[in-house]
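Trainee: Pasting entry_18.cif below, which is mmCIF, C-alpha atoms.
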```cif
data_data
loop_
_atom_site.label_atom_id
_atom_site.label_comp_id
_atom_site.auth_asym_id
_atom_site.auth_seq_id
_atom_site.Cartn_x
_atom_site.Cartn_y
_atom_site.Cartn_z
CA THR A 7 -13.49 -4.71 -61.29
CA SER A 8 -10.35 -6.84 -61.65
CA SER A 9 -9.82 -10.51 -60.96
CA THR A 10 -8.17 -9.70 -57.63
CA TYR A 11 -9.22 -7.56 -54.66
CA ASP A 12 -7.21 -6.23 -51.74
CA PRO A 13 -9.55 -5.38 -48.82
CA SER A 14 -6.73 -3.59 -46.99
CA THR A 15 -7.21 -3.48 -43.19
CA ILE A 16 -10.11 -5.53 -41.83
CA THR A 17 -11.19 -5.15 -38.20
CA GLN A 18 -14.08 -7.61 -38.07
CA THR A 19 -15.20 -10.84 -39.72
CA THR A 20 -16.24 -10.04 -43.32
CA TRP A 21 -17.79 -12.04 -46.19
CA TYR A 22 -16.91 -11.64 -49.89
CA ARG A 23 -18.09 -13.02 -53.23
CA ARG A 24 -17.16 -12.26 -56.86
CA LEU A 25 -19.51 -11.52 -59.74
CA ALA A 26 -18.35 -12.02 -63.33
CA ARG A 27 -20.05 -10.95 -66.57
CA SER A 28 -19.19 -10.74 -70.22
CA VAL A 29 -17.83 -7.48 -71.51
CA CYS A 30 -20.67 -7.62 -74.01
CA LYS A 31 -23.32 -7.23 -71.31
CA ALA A 32 -24.34 -3.85 -69.99
CA ASP A 33 -25.84 -5.18 -66.74
CA TRP A 34 -25.23 -7.91 -64.18
CA VAL A 35 -28.25 -10.02 -65.02
CA GLY A 36 -27.12 -13.61 -65.41
CA ALA A 37 -23.67 -12.86 -64.04
CA ALA A 38 -21.64 -15.71 -62.62
CA ILE A 39 -21.52 -15.55 -58.85
CA SER A 40 -18.71 -17.17 -56.86
CA SER A 41 -19.01 -18.95 -53.56
CA VAL A 42 -18.98 -16.73 -50.46
CA VAL A 43 -15.56 -16.36 -48.89
CA GLU A 44 -15.49 -15.67 -45.15
CA MET A 45 -12.53 -13.78 -43.70
CA THR A 46 -12.43 -14.30 -39.92
CA ILE A 47 -10.50 -11.73 -37.95
CA ASP A 48 -8.91 -12.90 -34.70
CA VAL A 49 -8.27 -10.22 -32.08
CA ALA A 50 -5.89 -10.09 -29.16
CA PRO A 51 -7.35 -10.37 -25.65
CA SER A 52 -8.47 -7.21 -23.91
CA ILE A 53 -9.44 -6.57 -20.28
CA THR A 54 -13.03 -5.37 -20.07
CA THR A 55 -13.42 -5.33 -16.27
CA GLN A 56 -10.49 -4.77 -13.94
CA PRO A 57 -10.28 -6.78 -10.71
CA GLY A 58 -11.36 -4.75 -7.70
CA SER A 59 -10.06 -4.71 -4.13
CA PRO A 60 -12.32 -6.76 -1.83
CA ALA A 61 -13.37 -5.71 1.66
CA ALA A 62 -10.85 -6.18 4.46
CA ILE A 63 -10.74 -9.60 6.10
CA CYS A 64 -9.50 -10.80 9.48
CA THR A 65 -6.40 -12.95 9.49
CA GLY A 66 -7.05 -16.67 9.19
CA THR A 67 -10.79 -16.33 8.56
CA GLY A 68 -13.11 -16.55 5.55
CA ASN A 69 -12.14 -15.87 1.96
CA ARG A 70 -11.80 -13.05 -0.55
CA THR A 71 -11.99 -13.17 -4.35
CA PHE A 72 -10.55 -11.25 -7.28
CA THR A 73 -12.36 -11.46 -10.64
CA VAL A 74 -11.37 -10.29 -14.12
CA ALA A 75 -13.38 -10.06 -17.35
CA ALA A 76 -11.82 -10.11 -20.82
CA THR A 77 -12.62 -10.57 -24.49
CA GLY A 78 -10.56 -11.95 -27.36
CA SER A 79 -10.45 -14.61 -30.04
CA GLY A 80 -10.17 -18.28 -29.28
CA THR A 81 -10.25 -19.91 -25.88
CA LEU A 82 -8.91 -17.43 -23.36
CA THR A 83 -6.57 -18.63 -20.63
CA TYR A 84 -5.92 -16.93 -17.32
CA GLN A 85 -2.95 -16.75 -14.97
CA TRP A 86 -3.17 -14.80 -11.72
CA GLN A 87 -0.06 -13.16 -10.31
CA GLU A 88 0.79 -11.77 -6.88
CA PHE A 89 3.04 -8.82 -6.11
CA ILE A 90 5.11 -8.92 -2.94
CA THR A 91 8.51 -7.66 -4.05
CA GLY A 92 7.81 -8.52 -7.70
CA TRP A 93 5.13 -10.17 -9.83
CA ASN A 94 5.01 -13.97 -9.57
CA ASP A 95 2.51 -16.55 -10.83
CA VAL A 96 0.03 -17.85 -8.27
CA THR A 97 -0.40 -21.62 -8.10
CA ASN A 98 -3.28 -23.55 -6.57
CA GLY A 99 -2.68 -24.86 -3.08
CA GLY A 100 -2.55 -23.53 0.45
CA VAL A 101 -4.66 -20.37 0.62
CA TYR A 102 -5.03 -20.09 -3.19
CA SER A 103 -7.56 -21.59 -5.59
CA GLY A 104 -8.72 -20.61 -9.07
CA ALA A 105 -5.23 -19.44 -10.05
CA THR A 106 -5.90 -20.14 -13.75
CA THR A 107 -9.57 -19.10 -13.89
CA VAL A 108 -11.41 -15.79 -14.09
CA THR A 109 -11.70 -15.71 -10.28
CA LEU A 110 -8.85 -16.09 -7.82
CA THR A 111 -9.96 -17.12 -4.32
CA ILE A 112 -7.84 -16.62 -1.21
CA THR A 113 -9.03 -18.56 1.84
CA ASN A 114 -7.95 -17.87 5.43
CA PRO A 115 -5.22 -15.37 4.50
CA THR A 116 -2.40 -14.66 6.92
CA ALA A 117 -1.55 -11.28 8.40
CA GLY A 118 1.63 -11.29 6.33
CA MET A 119 -0.45 -11.09 3.15
CA ASN A 120 -1.81 -7.66 4.04
CA GLY A 121 -1.13 -5.23 1.21
CA ASN A 122 -0.35 -7.87 -1.43
CA ARG A 123 -1.54 -6.89 -4.93
CA TYR A 124 -3.00 -9.13 -7.63
CA ARG A 125 -3.32 -9.04 -11.40
CA CYS A 126 -4.34 -11.44 -14.15
CA VAL A 127 -2.54 -12.24 -17.41
CA VAL A 128 -5.02 -13.20 -20.14
CA SER A 129 -3.87 -15.04 -23.26
CA GLY A 130 -5.77 -15.94 -26.45
CA THR A 131 -5.28 -16.87 -30.09
CA CYS A 132 -3.51 -13.60 -30.86
CA THR A 133 -0.78 -11.66 -29.11
CA PRO A 134 -0.07 -9.64 -27.12
CA THR A 135 -1.48 -10.88 -23.84
CA ALA A 136 -3.72 -8.60 -21.79
CA ILE A 137 -2.71 -7.81 -18.21
CA SER A 138 -4.99 -6.23 -15.62
CA ASP A 139 -3.79 -3.05 -13.94
CA GLY A 140 -2.40 -4.70 -10.79
CA ASN A 141 -4.16 -2.32 -8.42
CA ALA A 142 -6.36 -4.95 -6.75
CA THR A 143 -5.15 -5.19 -3.16
CA LEU A 144 -5.80 -7.63 -0.31
CA THR A 145 -6.30 -6.07 3.12
CA VAL A 146 -5.85 -8.44 6.06
CA ASN A 147 -6.48 -7.13 9.57
CA ASP A 148 -5.00 -8.88 12.59
CA VAL A 149 -6.42 -9.19 16.07
CA PRO A 150 -5.19 -6.45 18.41
CA LEU A 151 -2.10 -6.91 20.53
CA LYS A 152 -2.06 -6.47 24.30
CA ALA A 153 -1.81 -3.01 25.80
CA VAL A 154 1.67 -2.37 27.22
CA ILE A 155 3.66 0.00 29.43
CA PRO A 156 1.07 0.76 32.11
CA PHE A 157 1.27 3.78 34.36
CA PRO A 158 1.37 3.37 37.28
CA GLY A 159 3.65 0.43 36.65
CA ASP A 160 2.61 -3.02 37.76
CA GLY A 161 3.26 -3.41 41.49
CA ALA A 162 3.85 0.31 42.06
CA ILE A 163 3.36 1.68 45.59
CA ASN A 164 2.61 5.04 47.18
CA ILE A 165 0.39 6.09 44.28
CA VAL A 166 -1.57 9.32 44.73
CA LEU A 167 -5.33 9.08 45.26
CA ASP A 168 -6.25 10.70 41.94
CA PRO A 169 -3.97 9.04 39.36
CA ASP A 170 -4.43 9.10 35.61
CA LEU A 171 -4.04 5.53 34.44
CA THR A 172 -2.38 5.31 31.03
CA TRP A 173 -1.08 2.61 28.70
CA ILE A 174 0.31 2.16 25.20
CA ASP A 175 -1.50 0.41 22.37
CA GLY A 176 0.27 -2.83 21.51
CA GLY A 177 -1.01 -2.51 17.93
CA ASN A 178 -4.16 -2.77 15.80
CA THR A 179 -6.51 -1.59 18.57
CA ALA A 180 -9.71 0.35 17.89
CA THR A 181 -11.14 0.58 21.43
CA TYR A 182 -10.44 -0.63 24.95
CA ASP A 183 -12.51 -2.34 27.63
CA ILE A 184 -11.43 -1.05 31.03
CA TYR A 185 -11.52 -3.11 34.22
CA PHE A 186 -10.69 -1.54 37.59
CA GLY A 187 -11.31 -2.31 41.24
CA THR A 188 -10.07 -3.77 44.51
CA SER A 189 -10.48 -7.41 43.43
CA SER A 190 -8.68 -8.99 40.49
CA PRO A 191 -9.04 -8.30 37.59
CA GLY A 192 -11.30 -5.37 38.48
CA SER A 193 -14.88 -4.61 37.51
CA PHE A 194 -15.87 -3.63 33.99
CA ILE A 195 -15.88 0.18 33.76
CA GLY A 196 -16.65 0.77 30.10
CA ASN A 197 -15.36 0.88 26.55
CA GLN A 198 -13.44 3.81 25.09
CA ALA A 199 -11.04 4.76 22.33
CA SER A 200 -8.50 6.75 24.36
CA ALA A 201 -5.56 5.12 26.15
CA SER A 202 -6.14 6.70 29.56
CA TYR A 203 -8.61 6.42 32.42
CA THR A 204 -9.06 8.52 35.55
CA PRO A 205 -10.87 6.69 38.35
CA ALA A 206 -12.79 8.42 41.09
CA THR A 207 -10.80 9.41 44.18
CA LEU A 208 -9.17 6.32 45.68
CA SER A 209 -8.65 5.19 49.26
CA ASN A 210 -5.36 5.29 51.14
CA SER A 211 -3.21 2.18 51.51
CA THR A 212 -5.40 0.17 49.18
CA LEU A 213 -4.40 -2.40 46.57
CA TYR A 214 -6.11 -1.79 43.21
CA TYR A 215 -6.24 -4.06 40.17
CA TRP A 216 -6.80 -3.07 36.56
CA ARG A 217 -6.82 -4.64 33.13
CA ILE A 218 -7.14 -3.31 29.60
CA ASN A 219 -8.68 -5.51 26.89
CA SER A 220 -7.83 -4.45 23.34
CA ILE A 221 -10.61 -4.64 20.74
CA ASN A 222 -10.98 -4.30 16.97
CA SER A 223 -13.26 -5.75 14.29
CA CYS A 224 -11.30 -9.01 14.33
CA GLY A 225 -11.69 -9.75 18.04
CA THR A 226 -10.69 -9.00 21.61
CA THR A 227 -7.31 -9.59 23.22
CA THR A 228 -7.37 -9.90 27.00
CA GLY A 229 -4.73 -7.77 28.66
CA ASP A 230 -2.47 -8.50 31.59
CA ILE A 231 -3.69 -7.81 35.12
CA TRP A 232 -1.81 -4.94 36.69
CA SER A 233 -1.92 -3.62 40.25
CA PHE A 234 -0.73 -0.75 42.39
CA THR A 235 -1.08 0.37 46.00
CA THR A 236 -2.07 3.87 47.02
CA GLU A 237 -0.16 6.05 49.43
CA PRO A 238 -0.80 5.69 53.14
CA VAL A 239 -2.53 8.32 55.25
CA THR A 240 -0.16 11.11 56.12
CA PHE A 241 -0.47 12.69 59.55
CA ASN A 242 0.90 16.16 60.10
CA PRO A 243 2.33 16.72 63.57
#
```
How does the structure come out when it is put into structure tokens?

Mentor:
Amino acid sequence: TSSTYDPSTITQTTWYRRLARSVCKADWVGAAISSVVEMTIDVAPSITTQPGSPAAICTGTGNRTFTVAATGSGTLTYQWQEFITGWNDVTNGGVYSGATTVTLTITNPTAGMNGNRYRCVVSGTCTPTAISDGNATLTVNDVPLKAVIPFPGDGAINIVLDPDLTWIDGGNTATYDIYFGTSSPGSFIGNQASASYTPATLSNSTLYYWRINSINSCGTTTGDIWSFTTEPVTFNP
């Protein structure tokens, strides 16, 4: 009822006008009405949808994206950051595009990028900036490495007729294709997850070849060709 009005805290855009009447009037009929005054409230940016972690990708193939959603007053701006040993701004170029948009795209990532995390800093008319949680993670799988350390060792001799063939995973392997026989590199035996194979009883004084191909969702790595010779026939006097 005074000539001034303090609306206190306002959390949304609000419109005001003032009515004035003579003290001699008991009602507001014929009161003077002011122009409408609009009070626009600007709000700081806020993350509404956090970036998620995309599906795993094979090294050097395809692309993966990270997307953020935010609200706030004014024209929002975006800056993606990557965490390796600390948070650093991403710039367009190389494997990166969309570094200052709502969606960051990483194309043909390298194996060294596996485990890198990403977040987005969103700025608007008001401060503070909004920063996504930084939990979005890139998973990059590499092709498997060759199987190593065969037993029997390559070129071994006098091997018993019922050996257990074993090897060590070189890394990143899900399953193995086994090749074995008397001609190089051996015939395909089958695919399995374990790192050992027991062939049927072998023949004396025979040269055998074998190879282990390492397999995962990113491809197949052909192993080295190994060989061994079985023990000769033993005659008891």

Trainee: Specify as a PyMOL selection string each residue included when the PyMOL selection byres ((chain A and resi 51) around 6) is applied to this file.

Mentor: chain A and resi 50+52+77-78+130+136

Trainee: Name the residues captured by the PyMOL selection byres ((chain A and resi 214) around 10) when it is applied to the shown file; answer as a PyMOL selection string.

Mentor: chain A and resi 161+186-192+208-209+211-213+215-216+232-236

Trainee: Take the residues just selected and output them with C-alpha atoms as a PDB file, keeping the file's coordinate frame.

Mentor:
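Wrote part33.pdb, looks like this:
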```pdb
ATOM      1  CA  GLY A 161       3.260  -3.410  41.490  1.00  0.00           C
ATOM      2  CA  PHE A 186     -10.690  -1.540  37.590  1.00  0.00           C
ATOM      3  CA  GLY A 187     -11.310  -2.310  41.240  1.00  0.00           C
ATOM      4  CA  THR A 188     -10.070  -3.770  44.510  1.00  0.00           C
ATOM      5  CA  SER A 189     -10.480  -7.410  43.430  1.00  0.00           C
ATOM      6  CA  SER A 190      -8.680  -8.990  40.490  1.00  0.00           C
ATOM      7  CA  PRO A 191      -9.040  -8.300  37.590  1.00  0.00           C
ATOM      8  CA  GLY A 192     -11.300  -5.370  38.480  1.00  0.00           C
ATOM      9  CA  LEU A 208      -9.170   6.320  45.680  1.00  0.00           C
ATOM     10  CA  SER A 209      -8.650   5.190  49.260  1.00  0.00           C
ATOM     11  CA  SER A 211      -3.210   2.180  51.510  1.00  0.00           C
ATOM     12  CA  THR A 212      -5.400   0.170  49.180  1.00  0.00           C
ATOM     13  CA  LEU A 213      -4.400  -2.400  46.570  1.00  0.00           C
ATOM     14  CA  TYR A 215      -6.240  -4.060  40.170  1.00  0.00           C
ATOM     15  CA  TRP A 216      -6.800  -3.070  36.560  1.00  0.00           C
ATOM     16  CA  TRP A 232      -1.810  -4.940  36.690  1.00  0.00           C
ATOM     17  CA  SER A 233      -1.920  -3.620  40.250  1.00  0.00           C
ATOM     18  CA  PHE A 234      -0.730  -0.750  42.390  1.00  0.00           C
ATOM     19  CA  THR A 235      -1.080   0.370  46.000  1.00  0.00           C
ATOM     20  CA  THR A 236      -2.070   3.870  47.020  1.00  0.00           C
TER      21      THR A 236
END
```

Trainee: Name the residues captured by the PyMOL selection byres ((chain A and resi 97) around 12) when it is applied to the shown file; answer as a VMD selection string.

Mentor: chain A and resid 84 to 88 94 to 96 98 to 107 110 to 112

Trainee: Could you jot down the atom CA of Pro169 of chain A to atom CA of Thr227 of chain A separation for me, Å, one decimal place?

Mentor: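 About the pair atom CA of Pro169 of chain A and atom CA of Thr227 of chain A: they are 24.9 Å apart.
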
Trainee: Between atom CA of Thr181 of chain A and atom CA of Gln198 of chain A, measure the distance and give it in Å to one decimal.

Mentor: 5.4 Å

Trainee: Around all listed atoms of segment 194-213 of chain A, padded 8 Å per side, what centre and edge lengths does the axis-aligned box have in Å to one decimal, as lines of an AutoDock Vina configuration file?

Mentor:
```
center_x = -9.9
center_y = 2.9
center_z = 36.9
size_x = 29.4
size_y = 29.0
size_z = 45.2
```

Trainee: Kindly complete segment 181-213 of chain A to N, CA and C atoms; the output should be written as a PDB file, keeping the file's coordinate frame.

Mentor:
```pdb
ATOM      1  N   THR A 181     -10.629   0.106  20.136  1.00  0.00           N
ATOM      2  CA  THR A 181     -11.140   0.580  21.430  1.00  0.00           C
ATOM      3  C   THR A 181     -10.635  -0.319  22.543  1.00  0.00           C
ATOM      4  N   TYR A 182     -10.890   0.117  23.767  1.00  0.00           N
ATOM      5  CA  TYR A 182     -10.440  -0.630  24.950  1.00  0.00           C
ATOM      6  C   TYR A 182     -11.598  -0.860  25.906  1.00  0.00           C
ATOM      7  N   ASP A 183     -11.645  -2.071  26.484  1.00  0.00           N
ATOM      8  CA  ASP A 183     -12.510  -2.340  27.630  1.00  0.00           C
ATOM      9  C   ASP A 183     -11.674  -2.169  28.887  1.00  0.00           C
ATOM     10  N   ILE A 184     -12.177  -1.376  29.819  1.00  0.00           N
ATOM     11  CA  ILE A 184     -11.430  -1.050  31.030  1.00  0.00           C
ATOM     12  C   ILE A 184     -12.018  -1.797  32.223  1.00  0.00           C
ATOM     13  N   TYR A 185     -11.135  -2.440  32.975  1.00  0.00           N
ATOM     14  CA  TYR A 185     -11.520  -3.110  34.220  1.00  0.00           C
ATOM     15  C   TYR A 185     -10.709  -2.487  35.364  1.00  0.00           C
ATOM     16  N   PHE A 186     -11.388  -2.188  36.481  1.00  0.00           N
ATOM     17  CA  PHE A 186     -10.690  -1.540  37.590  1.00  0.00           C
ATOM     18  C   PHE A 186     -11.435  -1.833  38.886  1.00  0.00           C
ATOM     19  N   GLY A 187     -10.672  -2.103  39.939  1.00  0.00           N
ATOM     20  CA  GLY A 187     -11.310  -2.310  41.240  1.00  0.00           C
ATOM     21  C   GLY A 187     -10.348  -2.898  42.250  1.00  0.00           C
ATOM     22  N   THR A 188     -10.901  -3.263  43.410  1.00  0.00           N
ATOM     23  CA  THR A 188     -10.070  -3.770  44.510  1.00  0.00           C
ATOM     24  C   THR A 188      -9.980  -5.284  44.531  1.00  0.00           C
ATOM     25  N   SER A 189     -10.641  -5.958  43.582  1.00  0.00           N
ATOM     26  CA  SER A 189     -10.480  -7.410  43.430  1.00  0.00           C
ATOM     27  C   SER A 189     -10.101  -7.690  41.984  1.00  0.00           C
ATOM     28  N   SER A 190      -9.224  -8.678  41.816  1.00  0.00           N
ATOM     29  CA  SER A 190      -8.680  -8.990  40.490  1.00  0.00           C
ATOM     30  C   SER A 190      -9.746  -9.641  39.600  1.00  0.00           C
ATOM     31  N   PRO A 191      -9.861  -9.276  38.340  1.00  0.00           N
ATOM     32  CA  PRO A 191      -9.040  -8.300  37.590  1.00  0.00           C
ATOM     33  C   PRO A 191      -9.627  -6.898  37.615  1.00  0.00           C
ATOM     34  N   GLY A 192     -10.586  -6.631  38.484  1.00  0.00           N
ATOM     35  CA  GLY A 192     -11.300  -5.370  38.480  1.00  0.00           C
ATOM     36  C   GLY A 192     -12.667  -5.534  37.842  1.00  0.00           C
ATOM     37  N   SER A 193     -13.544  -4.596  38.094  1.00  0.00           N
ATOM     38  CA  SER A 193     -14.880  -4.610  37.510  1.00  0.00           C
ATOM     39  C   SER A 193     -14.884  -3.877  36.176  1.00  0.00           C
ATOM     40  N   PHE A 194     -15.780  -4.289  35.286  1.00  0.00           N
ATOM     41  CA  PHE A 194     -15.870  -3.630  33.990  1.00  0.00           C
ATOM     42  C   PHE A 194     -16.337  -2.187  34.176  1.00  0.00           C
ATOM     43  N   ILE A 195     -15.564  -1.244  33.642  1.00  0.00           N
ATOM     44  CA  ILE A 195     -15.880   0.180  33.760  1.00  0.00           C
ATOM     45  C   ILE A 195     -16.583   0.690  32.517  1.00  0.00           C
ATOM     46  N   GLY A 196     -16.068   0.304  31.343  1.00  0.00           N
ATOM     47  CA  GLY A 196     -16.650   0.770  30.100  1.00  0.00           C
ATOM     48  C   GLY A 196     -15.699   0.581  28.944  1.00  0.00           C
ATOM     49  N   ASN A 197     -16.156   0.982  27.773  1.00  0.00           N
ATOM     50  CA  ASN A 197     -15.360   0.880  26.550  1.00  0.00           C
ATOM     51  C   ASN A 197     -15.066   2.278  26.037  1.00  0.00           C
ATOM     52  N   GLN A 198     -13.820   2.498  25.592  1.00  0.00           N
ATOM     53  CA  GLN A 198     -13.440   3.810  25.090  1.00  0.00           C
ATOM     54  C   GLN A 198     -12.303   3.675  24.092  1.00  0.00           C
ATOM     55  N   ALA A 199     -12.083   4.768  23.351  1.00  0.00           N
ATOM     56  CA  ALA A 199     -11.040   4.760  22.330  1.00  0.00           C
ATOM     57  C   ALA A 199      -9.709   5.293  22.848  1.00  0.00           C
ATOM     58  N   SER A 200      -9.738   6.134  23.875  1.00  0.00           N
ATOM     59  CA  SER A 200      -8.500   6.750  24.360  1.00  0.00           C
ATOM     60  C   SER A 200      -7.742   5.809  25.286  1.00  0.00           C
ATOM     61  N   ALA A 201      -6.430   5.995  25.351  1.00  0.00           N
ATOM     62  CA  ALA A 201      -5.560   5.120  26.150  1.00  0.00           C
ATOM     63  C   ALA A 201      -5.268   5.745  27.510  1.00  0.00           C
ATOM     64  N   SER A 202      -6.305   6.182  28.198  1.00  0.00           N
ATOM     65  CA  SER A 202      -6.140   6.700  29.560  1.00  0.00           C
ATOM     66  C   SER A 202      -7.475   6.615  30.285  1.00  0.00           C
ATOM     67  N   TYR A 203      -7.400   6.495  31.593  1.00  0.00           N
ATOM     68  CA  TYR A 203      -8.610   6.420  32.420  1.00  0.00           C
ATOM     69  C   TYR A 203      -8.307   7.030  33.770  1.00  0.00           C
ATOM     70  N   THR A 204      -9.210   7.880  34.239  1.00  0.00           N
ATOM     71  CA  THR A 204      -9.060   8.520  35.550  1.00  0.00           C
ATOM     72  C   THR A 204     -10.174   8.028  36.456  1.00  0.00           C
ATOM     73  N   PRO A 205      -9.833   7.188  37.438  1.00  0.00           N
ATOM     74  CA  PRO A 205     -10.870   6.690  38.350  1.00  0.00           C
ATOM     75  C   PRO A 205     -11.287   7.778  39.336  1.00  0.00           C
ATOM     76  N   ALA A 206     -12.393   7.524  40.013  1.00  0.00           N
ATOM     77  CA  ALA A 206     -12.790   8.420  41.090  1.00  0.00           C
ATOM     78  C   ALA A 206     -11.737   8.374  42.196  1.00  0.00           C
ATOM     79  N   THR A 207     -11.802   9.331  43.112  1.00  0.00           N
ATOM     80  CA  THR A 207     -10.800   9.410  44.180  1.00  0.00           C
ATOM     81  C   THR A 207     -10.682   8.069  44.906  1.00  0.00           C
ATOM     82  N   LEU A 208      -9.444   7.625  45.094  1.00  0.00           N
ATOM     83  CA  LEU A 208      -9.170   6.320  45.680  1.00  0.00           C
ATOM     84  C   LEU A 208      -8.984   6.413  47.187  1.00  0.00           C
ATOM     85  N   SER A 209      -8.866   5.256  47.812  1.00  0.00           N
ATOM     86  CA  SER A 209      -8.650   5.190  49.260  1.00  0.00           C
ATOM     87  C   SER A 209      -7.175   4.983  49.573  1.00  0.00           C
ATOM     88  N   ASN A 210      -6.756   5.449  50.718  1.00  0.00           N
ATOM     89  CA  ASN A 210      -5.360   5.290  51.140  1.00  0.00           C
ATOM     90  C   ASN A 210      -5.037   3.822  51.398  1.00  0.00           C
ATOM     91  N   SER A 211      -3.767   3.499  51.167  1.00  0.00           N
ATOM     92  CA  SER A 211      -3.210   2.180  51.510  1.00  0.00           C
ATOM     93  C   SER A 211      -4.071   1.033  50.982  1.00  0.00           C
ATOM     94  N   THR A 212      -4.510   1.168  49.759  1.00  0.00           N
ATOM     95  CA  THR A 212      -5.400   0.170  49.180  1.00  0.00           C
ATOM     96  C   THR A 212      -4.780  -0.395  47.898  1.00  0.00           C
ATOM     97  N   LEU A 213      -4.909  -1.725  47.759  1.00  0.00           N
ATOM     98  CA  LEU A 213      -4.400  -2.400  46.570  1.00  0.00           C
ATOM     99  C   LEU A 213      -5.502  -2.392  45.490  1.00  0.00           C
TER     100      LEU A 213
END
```
